[in-house]
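**Q** The structure under discussion is supplied below as structure tokens; questions concerning it will follow.
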Amino acid sequence: MKRRVIYSLQEKYNSLESGRLSTNEFFDSLFYEKEKAAVDSKDVNDEASLESILKELDKLIGLNNVKSLVNEVLAYTDMQKKRKENGLQAQPMAMHMIFKGNPGTGKTTVARLLGKILKAKGILENGHLIEIERADLVGEYIGHTAQKVREQIRKGIGGIIFIDEAYSLARGGEKDFGKEAIDALVKGMEDHKDNLILILAGYQEEMDNFLRVNPGLKSRFPIHMDFEDYTIEELVEIADLMIECRQYLLSISAKAKLFQLLAQKRMRDGLHSGNARLVRNLIEKAIRRQAVRLKNRDECSIQELMMLTREDFE
Amino acid sequence: MHMDGDNMKHCLLVGKPNVGKTSFFLNFASYLGVYKCELNFKDVEGRIIHKEYSIELAKKYLISQTPFKTKDICEINLSIPIYKGFQSFKLLDSSGLIDGISDNEDIRSSMTATIKALEETNIILHVIDASSIFLREINSISLIDDQINRYCKSKSSYCILSNKMDLEGSKKGYELLKNKYYDSYIIPISSVSGMGFKEVRMFVGRNL
């Protein structure tokens, strides 16, 4: 590799000397090569990080349909690339998505990871995620809405726009500007379909209802993904992962207590119990309680600093 | 005092023709206390021709008003006092670089030698004639200066010498240079009056 560069540099010197290359062109070609080298090395970095992001995705408990979708998308882009190399037609895929599921089932987490993956894959330029809600889109006077939507789309270009509780756009009746916001959004996402992904997210029933009322929307979002509620076993697995991430340990009796707590909450609050978010809140609370418990001790062993016990959970 | 060439850092003067590279080269050498210079001329094929001159004679022989007087890379061994000792380095003078393609074969090959030296040298002093910036002469600043600046900026030791500060119009030219190359270190100098030599010595000394 190195030798090739020197060789071509020598070649350049020769053409400079023989008058085939001007000094300006010589320097320009050097700059060009340098930029190209920088871009190439960036590609390598992206590939490496793609692997680590995929690992991160793999670590998420459950979400098997999401994982298989990501696989499909990656395979599709690889194939499109190969087709292009062989002179066949390659079409970018519209990747607008609808995420349906209860709170705490990983919709935002997945959207964020998707942004990173698609960036690493070169489908999106930046891969950033902007989370917006009704108030960011719907204006207060005539003409205000289109302006607001355009602004949000401009911010989202190169990344993902994530609208949580998207059905709130359709709320508000006849005179509401929500409808206008939807129309403007649809236009924006069609205009920028190769460098912008729009994700509408919300509860299962409300989303279904929303799409039924706006039939044009459904066909524009080719990818529908259902986020199932986690089973209690999965929630405990998630808890294990979170605790590991935070460098804590869970005693066996604490784990039993956690299981019991999760089952209790689910019985009481049903669908709105919060899933993974509930787990996170419970763990954070336990960590706080552990801190209080150890506060007055003079010396703590590492084991004690890490261990969350039964009494920390309530 | 004879040192192995590989251990010594090289310091190269580049710029357009007639911006005063050679006159700075010789005056700076005499400022550093060299009265006699052993000039090593490196011709295009890389052969080294060794000649010995007094600085005064060398000036007469090497400096002229006609562009492209310096055809070959000349080098001179110098030393700069650093802390308690001296550090030697090689100062290299090069032939001027112009935009485009020259129709003179000799000039083309000496420009190629200059560009090669640019690639190999650690410390680069980019000489610009501050007095002719607003004129349209062969030594006025142009695209090639931008390219030299961009190319050398990434190297560790690079500074611009805004030369001919003793001439009229050079103040304005210096201001312009400061704006244009705001991210490079610029030293106003005059190779005739010796202005700025101390700063150049310190710059080179820091980078040895």
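Each chain in the structure tokens gets a letter, A, B, ..., in the order shown, and its residues are numbered from 1; ligands are numbered from 1 in order too.
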Got a sec: who's within 10 Å of Tyr13 (chain A), counting only C-alpha atoms, leaving out chain neighbours fewer than 2 positions off, as JSON, numbers by chain?

**A** {"A": [7, 8, 9, 10, 11, 15, 16, 17, 18, 19, 20, 21, 23, 26], "B": [109, 111, 112, 113, 115, 116]}

**Q** Excluding Gly173 (chain B) and its own-chain neighbours fewer than 3 positions away, which residues fall within 6 Å of it when counting only C-alpha atoms? Please give them as a PyMOL selection string.

**A** chain B and resi 130+133+170+176

**Q** Take the residues just selected and output them with C-alpha atoms as a PDB file, in the first residue's frame.

**A**
```pdb
ATOM      1  CA  ALA B 130       4.648  41.476   1.534  1.00  0.00           C
ATOM      2  CA  ILE B 133       0.889  41.636  -2.693  1.00  0.00           C
ATOM      3  CA  SER B 170       4.470  46.008   2.991  1.00  0.00           C
ATOM      4  CA  LEU B 176      -3.584  40.965   4.598  1.00  0.00           C
TER       5      LEU B 176
END
```

**Q** Within 12 Å of chain A, which residues belong to chain B? Use only C-alpha atoms and report them as number ranges by chain.

**A** B: 16, 44, 96-119, 142-154

**Q** Excluding same-chain residues fewer than 6 positions from Met95 (chain A), what lies within 10 Å of it counting only C-alpha atoms, as a count of residues only?

**A** 12

**Q** Pick out the residues sitting within 10 Å of Glu284 (chain A), and hand them over as a short mmCIF file (atom, residue, chain, number, x, y, z; two decimals) with N, CA and C atoms, in the first residue's frame; count only C-alpha atoms, and ignore anything fewer than 4 positions along from it in its own chain.

**A**
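The resulting result.cif:
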```cif
data_model
loop_
_atom_site.label_atom_id
_atom_site.label_comp_id
_atom_site.auth_asym_id
_atom_site.auth_seq_id
_atom_site.Cartn_x
_atom_site.Cartn_y
_atom_site.Cartn_z
N MET A 242 -28.91 -4.51 33.56
CA MET A 242 -28.75 -3.13 34.04
C MET A 242 -27.82 -3.07 35.24
N ILE A 243 -27.99 -4.07 36.13
CA ILE A 243 -27.18 -4.08 37.34
C ILE A 243 -25.72 -4.32 36.98
N ARG A 246 -24.12 -1.22 35.70
CA ARG A 246 -23.83 -0.23 36.74
C ARG A 246 -22.80 -0.75 37.74
N LEU A 278 -39.93 0.40 34.35
CA LEU A 278 -40.25 0.06 35.74
C LEU A 278 -39.04 -0.61 36.39
N VAL A 279 -38.41 -1.51 35.65
CA VAL A 279 -37.23 -2.20 36.18
C VAL A 279 -36.16 -1.19 36.52
N ARG A 280 -35.94 -0.25 35.57
CA ARG A 280 -34.88 0.73 35.80
C ARG A 280 -35.18 1.55 37.05
N ARG A 288 -30.25 3.71 45.56
CA ARG A 288 -30.32 4.83 46.52
C ARG A 288 -30.46 4.32 47.94
N ARG A 289 -31.33 3.29 48.09
CA ARG A 289 -31.55 2.76 49.43
C ARG A 289 -30.30 2.08 49.97
N GLN A 290 -29.57 1.44 49.07
CA GLN A 290 -28.31 0.80 49.49
C GLN A 290 -27.34 1.86 49.99
N PHE A 313 -34.85 -3.45 48.16
CA PHE A 313 -36.02 -3.38 47.27
C PHE A 313 -37.28 -3.27 48.10
#
```
